[in-house]
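The file structure.cif contains mmCIF, C-alpha atoms, pLDDT in the B column; chains and numbers go by the auth columns:
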data_my_file
#
loop_
_atom_site.group_PDB
_atom_site.id
_atom_site.type_symbol
_atom_site.label_atom_id
_atom_site.label_comp_id
_atom_site.label_asym_id
_atom_site.label_seq_id
_atom_site.Cartn_x
_atom_site.Cartn_y
_atom_site.Cartn_z
_atom_site.B_iso_or_equiv
_atom_site.auth_seq_id
_atom_site.auth_asym_id
ATOM 1 C CA MET A 1 -23.687 21.385 -1.391 32.00 1230 A
ATOM 2 C CA THR A 2 -21.059 23.944 -2.347 33.00 1231 A
ATOM 3 C CA THR A 3 -17.969 23.354 -4.392 34.00 1232 A
ATOM 4 C CA ASP A 4 -14.716 25.188 -3.821 37.00 1233 A
ATOM 5 C CA THR A 5 -13.671 26.194 -7.324 37.00 1234 A
ATOM 6 C CA ASN A 6 -10.197 27.162 -6.100 41.00 1235 A
ATOM 7 C CA GLN A 7 -9.439 23.606 -5.062 44.00 1236 A
ATOM 8 C CA SER A 8 -7.631 21.475 -7.622 50.00 1237 A
ATOM 9 C CA PRO A 9 -9.938 18.762 -9.009 48.00 1238 A
ATOM 10 C CA SER A 10 -7.113 16.233 -8.676 54.00 1239 A
ATOM 11 C CA LEU A 11 -6.817 16.693 -4.890 56.00 1240 A
ATOM 12 C CA ASN A 12 -9.571 14.179 -4.262 71.00 1241 A
ATOM 13 C CA LYS A 13 -9.215 12.255 -7.484 79.00 1242 A
ATOM 14 C CA TYR A 14 -8.523 9.058 -5.546 81.00 1243 A
ATOM 15 C CA SER A 15 -10.559 8.558 -2.389 78.00 1244 A
ATOM 16 C CA ASP A 16 -11.284 5.488 -0.358 79.00 1245 A
ATOM 17 C CA LEU A 17 -12.573 4.418 3.015 82.00 1246 A
ATOM 18 C CA LEU A 18 -9.761 4.525 5.562 83.00 1247 A
ATOM 19 C CA ILE A 19 -8.785 1.121 6.918 83.00 1248 A
ATOM 20 C CA ILE A 20 -6.590 0.951 10.028 82.00 1249 A
ATOM 21 C CA ASP A 21 -5.338 -2.367 11.395 77.00 1250 A
ATOM 22 C CA GLY A 22 -7.792 -4.218 9.170 77.00 1251 A
ATOM 23 C CA ALA A 23 -10.844 -2.311 10.413 79.00 1252 A
ATOM 24 C CA LEU A 24 -12.881 0.546 9.040 81.00 1253 A
ATOM 25 C CA SER A 25 -11.889 3.832 10.697 84.00 1254 A
ATOM 26 C CA LEU A 26 -14.868 5.775 12.049 87.00 1255 A
ATOM 27 C CA ASP A 27 -15.101 9.391 13.160 88.00 1256 A
ATOM 28 C CA VAL A 28 -16.761 10.535 16.393 91.00 1257 A
ATOM 29 C CA GLY A 29 -20.152 10.435 14.667 91.00 1258 A
ATOM 30 C CA ALA A 30 -19.615 6.781 13.651 88.00 1259 A
ATOM 31 C CA GLN A 31 -19.197 7.820 10.013 89.00 1260 A
ATOM 32 C CA PRO A 32 -16.391 6.269 7.962 85.00 1261 A
ATOM 33 C CA ASN A 33 -13.214 8.314 7.619 84.00 1262 A
ATOM 34 C CA LEU A 34 -11.876 8.798 4.114 85.00 1263 A
ATOM 35 C CA THR A 35 -8.365 8.799 2.743 85.00 1264 A
ATOM 36 C CA HIS A 36 -7.366 10.709 -0.373 86.00 1265 A
ATOM 37 C CA THR A 37 -4.741 10.924 -3.118 87.00 1266 A
ATOM 38 C CA ARG A 38 -1.316 9.558 -2.118 89.00 1267 A
ATOM 39 C CA ALA A 39 -2.571 7.907 1.097 89.00 1268 A
ATOM 40 C CA SER A 40 -5.403 6.258 -0.824 91.00 1269 A
ATOM 41 C CA ILE A 41 -2.984 4.861 -3.408 93.00 1270 A
ATOM 42 C CA ALA A 42 -0.664 3.621 -0.644 92.00 1271 A
ATOM 43 C CA GLN A 43 -3.601 1.880 1.039 92.00 1272 A
ATOM 44 C CA ASP A 44 -4.565 0.291 -2.297 93.00 1273 A
ATOM 45 C CA VAL A 45 -1.007 -1.026 -2.729 93.00 1274 A
ATOM 46 C CA LYS A 46 -1.040 -2.542 0.745 91.00 1275 A
ATOM 47 C CA HIS A 47 -4.428 -4.175 0.218 91.00 1276 A
ATOM 48 C CA MET A 48 -3.385 -5.432 -3.225 93.00 1277 A
ATOM 49 C CA LEU A 49 -0.448 -7.265 -1.648 92.00 1278 A
ATOM 50 C CA MET A 50 -2.531 -8.679 1.176 89.00 1279 A
ATOM 51 C CA ALA A 51 -5.252 -9.901 -1.209 92.00 1280 A
ATOM 52 C CA SER A 52 -2.740 -11.429 -3.630 94.00 1281 A
ATOM 53 C CA GLY A 53 -1.585 -14.039 -1.136 91.00 1282 A
ATOM 54 C CA LEU A 54 2.056 -13.055 -1.618 92.00 1283 A
ATOM 55 C CA VAL A 55 2.401 -11.845 1.961 88.00 1284 A
ATOM 56 C CA THR A 56 1.115 -15.217 3.141 86.00 1285 A
ATOM 57 C CA LYS A 57 3.781 -16.935 1.028 87.00 1286 A
ATOM 58 C CA LEU A 58 6.410 -15.135 3.098 85.00 1287 A
ATOM 59 C CA LEU A 59 5.090 -16.566 6.358 81.00 1288 A
ATOM 60 C CA ALA A 60 6.255 -20.096 5.685 76.00 1289 A
ATOM 61 C CA GLN A 61 9.326 -19.201 3.638 80.00 1290 A
ATOM 62 C CA ARG A 62 12.659 -19.538 5.404 82.00 1291 A
ATOM 63 C CA SER A 63 14.908 -19.600 2.342 87.00 1292 A
ATOM 64 C CA SER A 64 16.323 -16.147 1.630 86.00 1293 A
ATOM 65 C CA VAL A 65 16.454 -16.950 -2.094 90.00 1294 A
ATOM 66 C CA MET A 66 12.791 -17.941 -2.164 90.00 1295 A
ATOM 67 C CA ARG A 67 11.865 -14.866 -0.095 89.00 1296 A
ATOM 68 C CA SER A 68 13.666 -12.719 -2.674 90.00 1297 A
ATOM 69 C CA ASP A 69 11.540 -14.343 -5.372 93.00 1298 A
ATOM 70 C CA VAL A 70 8.377 -13.408 -3.457 92.00 1299 A
ATOM 71 C CA TYR A 71 9.625 -9.813 -3.078 92.00 1300 A
ATOM 72 C CA THR A 72 10.148 -9.702 -6.851 94.00 1301 A
ATOM 73 C CA GLU A 73 6.605 -10.992 -7.400 95.00 1302 A
ATOM 74 C CA MET A 74 5.334 -8.279 -5.051 94.00 1303 A
ATOM 75 C CA GLU A 75 7.237 -5.580 -6.911 94.00 1304 A
ATOM 76 C CA LEU A 76 5.889 -6.754 -10.270 95.00 1305 A
ATOM 77 C CA LEU A 77 2.347 -6.779 -8.876 96.00 1306 A
ATOM 78 C CA ILE A 78 2.694 -3.265 -7.491 95.00 1307 A
ATOM 79 C CA GLU A 79 3.984 -2.059 -10.850 94.00 1308 A
ATOM 80 C CA THR A 80 0.667 -3.044 -12.436 95.00 1309 A
ATOM 81 C CA ASP A 81 -0.910 -0.035 -10.696 95.00 1310 A
ATOM 82 C CA ILE A 82 -1.106 2.542 -13.496 94.00 1311 A
ATOM 83 C CA ARG A 83 -0.896 5.425 -11.003 94.00 1312 A
ATOM 84 C CA LEU A 84 2.693 4.489 -10.122 95.00 1313 A
ATOM 85 C CA VAL A 85 5.876 5.179 -12.070 95.00 1314 A
ATOM 86 C CA PRO A 86 7.344 1.824 -13.184 92.00 1315 A
ATOM 87 C CA GLY A 87 10.750 1.156 -11.692 93.00 1316 A
ATOM 88 C CA SER A 88 10.153 3.484 -8.730 95.00 1317 A
ATOM 89 C CA ILE A 89 9.038 0.775 -6.300 95.00 1318 A
ATOM 90 C CA GLU A 90 11.501 0.054 -3.492 95.00 1319 A
ATOM 91 C CA PHE A 91 11.301 -2.350 -0.574 93.00 1320 A
ATOM 92 C CA ASP A 92 12.994 -1.881 2.769 93.00 1321 A
ATOM 93 C CA ILE A 93 12.856 -5.157 4.645 88.00 1322 A
ATOM 94 C CA ARG A 94 13.207 -3.752 8.155 78.00 1323 A
ATOM 95 C CA THR A 95 12.490 -7.005 9.976 81.00 1324 A
ATOM 96 C CA PRO A 96 11.181 -10.376 8.831 74.00 1325 A
ATOM 97 C CA GLU A 97 7.687 -9.125 9.769 82.00 1326 A
ATOM 98 C CA LEU A 98 7.797 -5.592 8.315 88.00 1327 A
ATOM 99 C CA ILE A 99 8.193 -4.426 4.730 90.00 1328 A
ATOM 100 C CA ALA A 100 8.348 -0.698 4.062 93.00 1329 A
ATOM 101 C CA ILE A 101 7.391 0.148 0.486 94.00 1330 A
ATOM 102 C CA THR A 102 8.066 3.404 -1.314 95.00 1331 A
ATOM 103 C CA ALA A 103 7.050 4.344 -4.833 96.00 1332 A
ATOM 104 C CA THR A 104 6.497 7.422 -6.942 95.00 1333 A
ATOM 105 C CA THR A 105 3.077 8.361 -8.267 94.00 1334 A
ATOM 106 C CA TYR A 106 2.642 10.238 -11.512 93.00 1335 A
ATOM 107 C CA GLU A 107 0.455 12.916 -9.928 90.00 1336 A
ATOM 108 C CA PHE A 108 1.296 13.134 -6.235 90.00 1337 A
ATOM 109 C CA GLY A 109 4.989 12.363 -5.808 92.00 1338 A
ATOM 110 C CA GLN A 110 6.427 9.857 -3.369 94.00 1339 A
ATOM 111 C CA LEU A 111 4.268 7.522 -1.307 93.00 1340 A
ATOM 112 C CA SER A 112 5.133 5.062 1.395 92.00 1341 A
ATOM 113 C CA THR A 113 3.327 2.282 3.196 91.00 1342 A
ATOM 114 C CA GLU A 114 4.201 -0.610 5.427 89.00 1343 A
ATOM 115 C CA VAL A 115 3.026 -4.183 5.262 88.00 1344 A
ATOM 116 C CA THR A 116 3.264 -6.108 8.492 84.00 1345 A
ATOM 117 C CA TYR A 117 2.654 -9.760 8.989 77.00 1346 A
ATOM 118 C CA VAL A 118 3.206 -12.016 11.945 68.00 1347 A
ATOM 119 C CA THR A 119 4.785 -15.415 11.786 56.00 1348 A
ATOM 120 C CA PRO A 120 2.502 -17.838 13.608 50.00 1349 A
ATOM 121 C CA THR A 121 3.935 -19.259 16.816 50.00 1350 A
ATOM 122 C CA SER A 122 3.624 -22.911 17.640 46.00 1351 A
#

Kindly present the structure from the file in structure tokens form.
Amino acid sequence: MTTDTNQSPSLNKYSDLLIIDGALSLDVGAQPNLTHTRASIAQDVKHMLMASGLVTKLLAQRSSVMRSDVYTEMELLIETDIRLVPGSIEFDIRTPELIAITATTYEFGQLSTEVTYVTPTS
């Protein structure tokens, strides 16, 4: 195994398995794809929200005031990630089912991710 000494050691400081639509992304050889740096942090933020149950709280919430409270909880949770600059987290509620999140990392600049959820139909 060779190491490129010209490559910054922080370029792959944060790596993770790439998850797309809730499934592990595989390459043509059936090996897992990886995600690095800013994209890895964005994926972590998305998964943190999904695992917290806060996204699920939005599904049944019709009150705009209560939804705002959930968005605040989400923002506070995201700010616990020490790789992100506190106060830089912004939500763009594009539709009731789509939240676009932007934040600034200390090392890699701006990141963005989207959290989608579907309201169950009856």

Kindly indicate which residue among A:Ile1328, A:Thr1301, A:Gln1290, A:Leu1340 lies nearest to Leu1313 of chain A, using all atoms listed in the file for the distances.
->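 Answer, going by the shortest atom-to-atom distance: A:Leu1340.
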
Using 5 Å of padding on each side, determine the axis-aligned box around all atoms of segment 1287-1290 of chain A present in the file and give its centre and edge lengths in Å to one decimal, as lines of an AutoDock Vina configuration file.
center_x = 7.2
center_y = -17.6
center_z = 4.7
size_x = 14.2
size_y = 15.0
size_z = 13.3

Ground truth for the PyMOL selection byres ((chain A and resi 1318) around 12), written as a PyMOL selection string = chain A and resi 1271+1274+1300-1301+1303-1310+1312-1317+1319-1321+1329-1334+1339-1342

Pick from A:Leu1263, A:Leu1255, A:Ala1268, A:Val1284, whichever lies nearest to Asp1298 of chain A using all atoms listed in the file | A:Val1284

What does the distance between atom CA of Ile1311 of chain A and atom CA of Met1279 of chain A come to in Å, to one decimal place?
->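 Computing the Euclidean distance for atom CA of Ile1311 of chain A and atom CA of Met1279 of chain A yields 18.5 Å.
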